[in-house]
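J.: Okay, so here is data_23.cif, and as you'll see once you scroll down, it has mmCIF, C-alpha atoms and all ligand atoms.
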data_upload
#
loop_
_atom_site.label_atom_id
_atom_site.label_comp_id
_atom_site.auth_asym_id
_atom_site.auth_seq_id
_atom_site.Cartn_x
_atom_site.Cartn_y
_atom_site.Cartn_z
CA MET A 1 0.00 0.00 0.00
CA SER A 2 1.33 3.39 -0.87
CA THR A 3 0.96 6.53 1.18
CA ARG A 4 -0.99 9.51 -0.07
CA PHE A 5 1.14 11.87 2.00
CA ARG A 6 4.02 13.94 0.66
CA LEU A 7 6.70 15.68 2.67
CA ALA A 8 8.18 19.04 1.75
CA LYS A 9 11.74 19.95 2.69
CA GLY A 10 11.75 21.51 6.14
CA ASP A 11 8.70 19.58 7.38
CA GLN A 12 8.95 18.31 10.93
CA VAL A 13 8.50 14.52 11.21
CA VAL A 14 7.77 12.72 14.47
CA VAL A 15 7.85 8.93 14.77
CA LEU A 16 6.59 6.97 17.78
CA THR A 17 7.71 3.37 18.09
CA GLY A 18 6.70 0.50 20.35
CA ALA A 19 7.72 -3.06 21.02
CA GLY A 20 6.46 -4.30 17.62
CA VAL A 21 9.34 -2.50 15.88
CA SER A 22 11.86 -4.65 17.74
CA ALA A 23 9.86 -7.87 17.34
CA GLU A 24 11.62 -8.82 14.11
CA SER A 25 14.95 -8.42 15.91
CA GLY A 26 13.79 -11.11 18.32
CA VAL A 27 12.80 -8.87 21.24
CA ALA A 28 9.53 -10.01 22.84
CA THR A 29 6.58 -7.61 22.84
CA PHE A 30 4.60 -7.10 26.05
CA ARG A 31 1.01 -8.08 25.44
CA GLY A 32 -0.48 -11.20 23.92
CA THR A 33 0.76 -14.75 23.52
CA GLY A 34 4.46 -15.11 24.20
CA GLY A 35 4.59 -11.50 25.42
CA LEU A 36 6.82 -10.37 28.27
CA TRP A 37 3.88 -10.00 30.61
CA GLU A 38 2.90 -13.64 30.12
CA GLY A 39 3.93 -15.44 33.29
CA HIS A 40 4.64 -12.16 35.09
CA SER A 41 2.34 -9.89 36.98
CA LEU A 42 3.03 -6.40 35.74
CA GLU A 43 2.33 -5.10 39.26
CA GLN A 44 5.27 -7.23 40.45
CA VAL A 45 7.85 -6.27 37.83
CA ALA A 46 6.78 -2.90 36.43
CA THR A 47 5.69 -0.76 39.36
CA PRO A 48 7.70 0.98 42.11
CA GLN A 49 5.55 -0.92 44.64
CA GLY A 50 6.56 -4.25 43.07
CA PHE A 51 10.22 -3.24 43.31
CA ALA A 52 9.84 -2.22 46.96
CA ALA A 53 8.19 -5.57 47.74
CA ASP A 54 10.69 -7.81 45.91
CA PRO A 55 13.66 -6.02 44.29
CA GLN A 56 15.41 -9.33 43.55
CA LEU A 57 12.50 -10.59 41.45
CA VAL A 58 12.50 -7.32 39.49
CA TRP A 59 16.29 -7.46 38.94
CA ARG A 60 15.98 -11.07 37.76
CA PHE A 61 13.33 -9.98 35.21
CA TYR A 62 15.46 -7.09 33.90
CA SER A 63 18.69 -9.14 34.01
CA ALA A 64 17.04 -11.67 31.68
CA ARG A 65 16.07 -8.76 29.39
CA ARG A 66 19.64 -7.38 29.46
CA LYS A 67 21.02 -10.80 28.65
CA ALA A 68 18.60 -11.25 25.73
CA ARG A 69 19.48 -7.76 24.44
CA ARG A 70 23.14 -8.76 24.02
CA THR A 71 22.29 -11.10 21.16
CA VAL A 72 19.90 -8.95 19.09
CA GLU A 73 20.54 -6.51 16.27
CA PRO A 74 18.52 -3.72 14.62
CA ASN A 75 16.23 -4.82 11.77
CA PRO A 76 15.17 -3.14 8.48
CA GLY A 77 12.45 -1.17 10.32
CA HIS A 78 15.03 0.50 12.58
CA ARG A 79 17.27 1.17 9.58
CA ALA A 80 14.44 2.70 7.54
CA LEU A 81 13.93 5.27 10.30
CA VAL A 82 17.64 6.14 10.18
CA ALA A 83 17.25 6.81 6.44
CA LEU A 84 14.19 9.00 7.09
CA GLU A 85 16.07 11.07 9.67
CA GLN A 86 19.00 11.52 7.29
CA ALA A 87 16.66 12.62 4.48
CA VAL A 88 14.65 15.20 6.43
CA GLY A 89 17.53 16.32 8.67
CA GLU A 90 18.23 15.62 12.33
CA ASP A 91 16.81 18.98 13.41
CA ARG A 92 13.48 18.25 11.66
CA PHE A 93 13.11 14.71 12.92
CA CYS A 94 12.27 13.27 16.30
CA LEU A 95 12.05 9.57 17.09
CA ILE A 96 10.11 8.98 20.29
CA THR A 97 10.37 5.41 21.45
CA GLN A 98 8.68 3.46 24.20
CA ASN A 99 11.32 0.79 23.74
CA VAL A 100 14.09 0.42 26.28
CA ASP A 101 16.34 -1.80 24.13
CA GLY A 102 18.47 0.95 22.56
CA LEU A 103 18.12 -0.59 19.08
CA HIS A 104 17.26 2.72 17.37
CA THR A 105 20.52 4.28 18.53
CA ALA A 106 22.38 1.08 17.67
CA ALA A 107 20.96 1.34 14.13
CA GLY A 108 22.23 4.93 13.81
CA SER A 109 19.23 7.12 14.67
CA ARG A 110 20.42 10.30 16.37
CA HIS A 111 17.47 12.33 17.63
CA VAL A 112 15.93 9.64 19.83
CA LEU A 113 13.83 10.22 22.97
CA GLU A 114 13.54 7.06 25.07
CA MET A 115 10.39 7.98 26.98
CA HIS A 116 10.23 4.76 29.05
CA GLY A 117 13.91 4.72 30.02
CA ALA A 118 16.72 2.39 29.01
CA LEU A 119 17.60 -1.19 29.85
CA ARG A 120 21.30 -0.30 29.72
CA ARG A 121 20.99 2.24 32.56
CA THR A 122 20.78 1.78 36.33
CA ARG A 123 19.80 4.42 38.87
CA CYS A 124 19.18 4.87 42.57
CA SER A 125 15.68 4.08 43.82
CA ALA A 126 15.78 6.93 46.37
CA ALA A 127 14.05 10.05 45.08
CA ASN A 128 16.53 12.58 46.45
CA CYS A 129 19.81 10.73 45.89
CA PRO A 130 22.40 12.75 43.92
CA LEU A 131 23.66 9.64 42.05
CA GLU A 132 23.18 10.18 38.30
CA PRO A 133 21.75 7.28 36.27
CA PHE A 134 24.68 5.38 34.79
CA GLU A 135 25.24 2.87 32.00
CA GLU A 136 26.03 -0.74 32.86
CA ASP A 137 25.41 -4.11 31.29
CA LEU A 138 25.77 -6.19 34.45
CA LEU A 139 23.26 -8.84 35.38
CA HIS A 140 21.96 -8.77 38.95
CA GLU A 141 20.36 -12.19 39.10
CA ASP A 142 21.38 -13.10 42.63
CA GLU A 143 21.95 -9.80 44.41
CA VAL A 144 20.32 -6.40 44.60
CA PRO A 145 23.00 -3.76 43.94
CA MET A 146 23.19 -0.92 46.45
CA CYS A 147 23.74 2.78 45.83
CA PRO A 148 27.34 3.88 46.55
CA ARG A 149 26.07 7.34 47.55
CA CYS A 150 23.13 6.65 49.86
CA GLY A 151 22.93 2.87 50.39
CA SER A 152 19.42 2.48 48.90
CA PRO A 153 18.75 -0.31 46.40
CA LEU A 154 19.72 0.52 42.82
CA ARG A 155 17.05 -0.11 40.19
CA PRO A 156 16.80 -0.34 36.40
CA ASP A 157 16.33 3.13 34.85
CA ILE A 158 12.96 2.14 33.45
CA VAL A 159 9.69 4.09 33.70
CA TRP A 160 7.21 1.93 35.55
CA PHE A 161 3.45 2.36 35.86
CA GLY A 162 2.51 5.40 37.91
CA GLU A 163 5.85 7.13 37.19
CA SER A 164 6.39 10.15 34.95
CA VAL A 165 7.70 9.48 31.49
CA LEU A 166 11.07 10.97 30.45
CA HIS A 167 11.61 13.86 28.00
CA ASP A 168 8.10 15.26 28.41
CA ALA A 169 9.16 18.81 27.44
CA ALA A 170 11.14 17.66 24.38
CA ILE A 171 8.20 15.51 23.23
CA HIS A 172 5.86 18.47 23.58
CA LYS A 173 8.25 20.65 21.55
CA ALA A 174 8.61 18.05 18.78
CA LEU A 175 4.83 17.82 18.38
CA LEU A 176 4.32 21.59 18.11
CA LYS A 177 5.40 21.85 14.47
CA CYS A 178 4.84 18.24 13.46
CA ARG A 179 3.64 17.82 9.85
CA LEU A 180 3.82 14.04 9.67
CA PHE A 181 3.39 11.65 12.60
CA ILE A 182 4.06 7.92 12.19
CA ALA A 183 3.29 5.41 14.95
CA ALA A 184 4.76 1.94 14.46
CA GLY A 185 4.52 -1.32 16.38
CA THR A 186 2.54 -0.16 19.38
CA SER A 187 -0.73 -1.42 20.84
CA GLY A 188 -1.67 2.09 21.96
CA THR A 189 -2.61 0.87 25.42
CA VAL A 190 -0.23 2.93 27.51
CA TYR A 191 -0.70 6.57 28.46
CA PRO A 192 0.73 9.10 27.61
CA ALA A 193 2.34 7.54 24.51
CA ASN A 194 -1.13 6.64 23.23
CA GLN A 195 -2.08 10.34 23.17
CA LEU A 196 0.74 11.53 20.94
CA GLY A 197 -1.05 10.72 17.64
CA SER A 198 -4.11 12.75 18.55
CA ARG A 199 -1.92 15.57 19.88
CA ALA A 200 -0.03 15.67 16.56
CA LYS A 201 -3.30 15.54 14.61
CA ALA A 202 -4.69 18.42 16.66
CA ARG A 203 -1.65 20.46 15.53
CA GLY A 204 -2.50 19.69 11.89
CA ALA A 205 -0.18 16.75 11.25
CA ALA A 206 -0.97 13.89 8.90
CA THR A 207 -0.95 10.67 10.91
CA ILE A 208 0.04 7.16 9.81
CA LEU A 209 -0.14 3.91 11.78
CA VAL A 210 2.04 0.91 10.92
CA ASN A 211 1.13 -2.17 12.97
CA LEU A 212 0.73 -5.90 12.70
CA GLU A 213 -2.76 -5.80 14.17
CA PRO A 214 -5.44 -3.22 13.44
CA ILE A 215 -5.72 -0.78 16.34
CA ASP A 216 -8.87 1.31 15.86
CA PRO A 217 -7.92 1.81 12.20
CA PRO A 218 -9.17 4.70 10.07
CA GLY A 219 -12.13 3.68 7.96
CA VAL A 220 -13.29 1.27 10.69
CA ASP A 221 -13.10 3.51 13.73
CA PRO A 222 -14.50 6.94 12.83
CA ASP A 223 -12.72 8.42 15.86
CA SER A 224 -9.30 7.08 14.88
CA GLU A 225 -6.53 9.62 15.23
CA PHE A 226 -4.81 8.01 12.25
CA ASP A 227 -5.41 9.09 8.65
CA GLU A 228 -3.77 6.03 7.16
CA PHE A 229 -3.17 2.46 8.35
CA HIS A 230 -0.51 0.16 6.92
CA GLN A 231 -1.04 -3.32 8.30
CA GLY A 232 1.94 -5.66 8.50
CA ARG A 233 5.39 -6.08 9.99
CA SER A 234 7.23 -2.82 10.48
CA GLY A 235 10.45 -4.37 9.15
CA GLU A 236 8.62 -4.97 5.87
CA ILE A 237 6.37 -1.89 5.73
CA LEU A 238 8.66 0.90 6.98
CA PRO A 239 11.40 0.53 4.32
CA GLY A 240 8.84 0.93 1.48
CA LEU A 241 6.97 3.74 3.22
CA VAL A 242 10.19 5.64 3.92
CA ASP A 243 11.40 5.11 0.34
CA GLN A 244 8.21 6.70 -0.96
CA LEU A 245 8.40 9.63 1.44
CA ILE A 246 12.02 10.26 0.47
CA SER A 247 11.56 9.93 -3.28
CA ASN A 248 8.53 12.25 -3.20
CA LEU A 249 10.19 14.84 -0.94
CA GLY A 250 9.07 18.14 -2.41
CA PRO A 251 10.65 21.60 -2.36
CA LYS A 252 10.39 23.76 0.75
CA GLU A 253 6.94 25.29 1.04
CA SER A 254 6.91 29.07 1.15
C1 LIG B 301 4.09 -5.41 15.40
C2 LIG B 301 5.02 -6.38 15.08
C3 LIG B 301 5.80 -6.15 13.95
C4 LIG B 301 4.03 -6.99 16.88
N1 LIG B 301 5.61 -5.04 13.23
N2 LIG B 301 3.91 -4.33 14.67
C5 LIG B 301 -4.44 3.56 36.69
C6 LIG B 301 -3.50 3.47 37.71
C7 LIG B 301 -2.17 3.90 37.53
C8 LIG B 301 -1.77 4.44 36.31
C9 LIG B 301 -2.72 4.53 35.31
C10 LIG B 301 -4.04 4.10 35.49
N3 LIG B 301 -4.72 4.30 34.33
C11 LIG B 301 -3.87 4.85 33.43
C12 LIG B 301 -2.65 4.99 34.01
C13 LIG B 301 -1.44 5.52 33.36
C14 LIG B 301 -0.53 4.36 32.94
C15 LIG B 301 -1.22 3.54 31.86
O1 LIG B 301 -1.23 3.88 30.71
N4 LIG B 301 -1.82 2.42 32.22
C16 LIG B 301 -2.62 1.64 31.28
C17 LIG B 301 -1.92 0.34 30.92
C18 LIG B 301 -3.97 1.46 31.89
N5 LIG B 301 0.67 4.99 32.45
C19 LIG B 301 1.65 5.31 33.27
O2 LIG B 301 1.62 5.02 34.44
C20 LIG B 301 2.77 6.13 32.65
N6 LIG B 301 2.99 7.27 33.45
C21 LIG B 301 2.05 8.18 33.65
O3 LIG B 301 0.98 8.11 33.10
O4 LIG B 301 2.38 9.18 34.53
C22 LIG B 301 1.31 10.05 34.94
C23 LIG B 301 0.32 9.26 35.81
C24 LIG B 301 0.76 8.65 36.96
C25 LIG B 301 -0.15 7.98 37.79
C26 LIG B 301 -1.49 7.88 37.46
C27 LIG B 301 -1.93 8.48 36.27
C28 LIG B 301 -1.01 9.20 35.46
C29 LIG B 301 4.04 5.31 32.61
C30 LIG B 301 3.94 4.16 31.67
C31 LIG B 301 5.21 3.30 31.72
C32 LIG B 301 5.07 2.08 30.84
N7 LIG B 301 6.13 1.21 31.08
C33 LIG B 301 6.19 -0.06 30.36
C34 LIG B 301 7.03 -1.12 31.15
C35 LIG B 301 8.39 -0.73 31.46
C36 LIG B 301 9.33 -0.90 30.29
C37 LIG B 301 9.95 -2.27 30.23
O5 LIG B 301 9.93 -3.05 31.19
O6 LIG B 301 10.47 -2.55 29.16
O7 LIG B 301 6.67 0.16 29.03
S1 LIG B 301 4.61 -0.83 30.11
C38 LIG B 301 5.00 -1.55 28.58
O8 LIG B 301 3.99 -1.08 27.65
C39 LIG B 301 6.36 -0.93 28.15
C40 LIG B 301 6.02 -0.46 26.74
O9 LIG B 301 6.90 0.59 26.37
C41 LIG B 301 4.58 -0.05 26.83
C42 LIG B 301 3.86 0.03 25.52
O10 LIG B 301 3.75 -1.23 24.94
P1 LIG B 301 3.89 -1.36 23.37
O11 LIG B 301 5.21 -0.90 22.93
O12 LIG B 301 2.73 -0.74 22.73
O13 LIG B 301 3.92 -2.97 23.20
P2 LIG B 301 2.69 -4.00 23.11
O14 LIG B 301 3.25 -5.34 23.38
O15 LIG B 301 1.53 -3.57 23.93
O16 LIG B 301 2.20 -3.90 21.58
C43 LIG B 301 3.02 -4.28 20.50
C44 LIG B 301 2.25 -4.03 19.22
O17 LIG B 301 3.13 -4.30 18.15
C45 LIG B 301 1.01 -4.91 19.03
O18 LIG B 301 -0.09 -4.10 18.67
C46 LIG B 301 1.39 -5.86 17.88
O19 LIG B 301 0.33 -6.10 16.97
C47 LIG B 301 2.45 -5.06 17.17
N8 LIG B 301 3.46 -5.87 16.48
N9 LIG B 301 4.96 -7.42 15.97
C48 LIG B 301 4.67 -4.19 13.60
N10 LIG B 301 6.75 -7.07 13.52
#
The structure given in the file should be rewritten as structure tokens.
Ligand code: BJW
T.:
Amino acid sequence: MSTRFRLAKGDQVVVLTGAGVSAESGVATFRGTGGLWEGHSLEQVATPQGFAADPQLVWRFYSARRKARRTVEPNPGHRALVALEQAVGEDRFCLITQNVDGLHTAAGSRHVLEMHGALRRTRCSAANCPLEPFEEDLLHEDEVPMCPRCGSPLRPDIVWFGESVLHDAAIHKALLKCRLFIAAGTSGTVYPANQLGSRAKARGAATILVNLEPIDPPGVDPDSEFDEFHQGRSGEILPGLVDQLISNLGPKES
């Protein structure tokens, strides 16, 4: 399926990605059969209360994710988004990702906002501790690491339910002048990421959804925030979509 949208030079493009974009790299998605939540209670592993109750269980969950991350590589979907950024320019492109796997940066994307944190970072669980989040790839399967500054348990630098997402101000700024918004590989179940499409649309952006399953698609759901739906695997759809956008890139609008 081709897109009816055309970009002009200078247009601001915002892309939101979710777990589906990393699925073809071999990273499990969250919901549904075989998803990361299967066999885990999300209250136990993805809330600050779950961490307070059993930090070792949470570290075991994220250590398994860190270990799995070591063996995966970016896929054609990630690489297509690198090409799109290079074509429109880093200053006109913003890639907002809910993914914590770092695969967009590994692929070569530069303007990336990881709104749900990063698997490769650890931070102190105490709110007022001066320790900065730091990068590490250690597994903590059998011990809970402690903060060298205040002695509180260290935790993965991941945004759990009930916590504020990262880069809120930068996300807001990117949406202000957005002309094209593409959401890819996300179930749209988690706030506030699931509001970004309608926020972009309210600012006049054209909106495209790329997803394996239909999520309130345009034409079926009259209230859909998306103007266009491309159903399929992002690793197969995004390269073609990006090719079209790049080859039809028009002159700067006056
Ligand atoms: C493919 C594909 C392929 C597959 N190609 N597609 C009541 C109480 C407390 C809070 C709330 C509440 N009601 C609402 C809230 C707010 C809450 C929320 O949204 N909850 C809902 C679930 C009900 N949100 C928050 O708490 C957020 N903070 C916040 O709102 O702060 C203000 C606030 C605080 C308190 C109260 C109210 C407001 C923070 C959200 C943090 C989310 N964190 C997680 C887990 C940690 C990360 C980790 O461990 O890795 O982030 S949740 C999990 O879901 C993860 C993901 O980033 C996120 C989104 O999932 P995603 O990416 O969409 O994946 P899936 O699996 O759902 O979907 C994959 C899709 O891909 C599917 O559709 C497939 O079809 C598709 N697909 N293969 C293309 N090859």
J.: Measure the distance from CA of Thr122 (chain A) to CA of Gly102 (chain A) in Å and round it to one decimal.
T.: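 The value is 14.0 Å.
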J.: Give me, please, the distance in Å between CA of Phe229 (chain A) and CA of Phe181 (chain A), quoted to one decimal.
T.: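 CA of Phe181 (chain A) lies 12.1 Å from CA of Phe229 (chain A).
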J.: Counting only C-alpha atoms and all ligand atoms, which protein, DNA or RNA residues come within 8 Å of ligand LIG 301 (chain B), given as a VMD selection string?
T.: chain A and resid 17 to 24 28 to 32 35 to 36 45 to 46 62 97 to 101 116 to 119 158 to 165 184 to 194 210 to 215 231 to 236
J.: Tell me which protein, DNA and RNA residues are within 6 Å of region 68-84 of chain A, counting all atoms listed in the file, leaving out same-chain ones fewer than 6 positions away, and put them as a ChimeraX atom specification.
T.: /A:25,103-104,107-109,234-235,238-239
J.: Between A:Pro148, A:Leu131, A:Cys94, A:Gly26, single out the one closest to His172 (chain A), counting only C-alpha atoms.
T.: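 Closest to His172 (chain A) of all the choices is A:Cys94.
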J.: For Pro145 (chain A), which residue out of A:Ala8, A:Leu196, A:Leu180, A:Cys124 is the nearest one, using all atoms listed in the file?
T.: A:Cys124
J.: A:Ala127, A:Ala169, A:Leu154, A:Ile208: which is nearest Val14 (chain A), counting only C-alpha atoms?
T.: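 So, comparing all the options, the nearest one is A:Ile208.
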J.: Work out how far apart CA of Ser198 (chain A) and CA of Cys178 (chain A) are and give it in Å to one decimal.
T.: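 For CA of Ser198 (chain A) relative to CA of Cys178 (chain A), the distance reads 11.7 Å.
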J.: Restricting the calculation to all atoms listed in the file, which member of A:Leu241, A:Ala183, A:Leu16, A:Leu138 is positioned closest to Ile171 (chain A)?
T.: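 Nearest to Ile171 (chain A): A:Leu16.
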J.: Which residue, A:Asp221, A:Glu114, A:Ile182, A:Lys201, has the smallest gap to Ile237 (chain A) when you use all atoms listed in the file?
T.: A:Ile182
J.: From the set A:Arg92, A:Pro55, A:Gly10, A:Ala206, which residue has the shortest atom-to-atom contact distance to Met146 (chain A), counting all atoms listed in the file?
T.: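 Result for the nearest residue to Met146 (chain A): A:Pro55.
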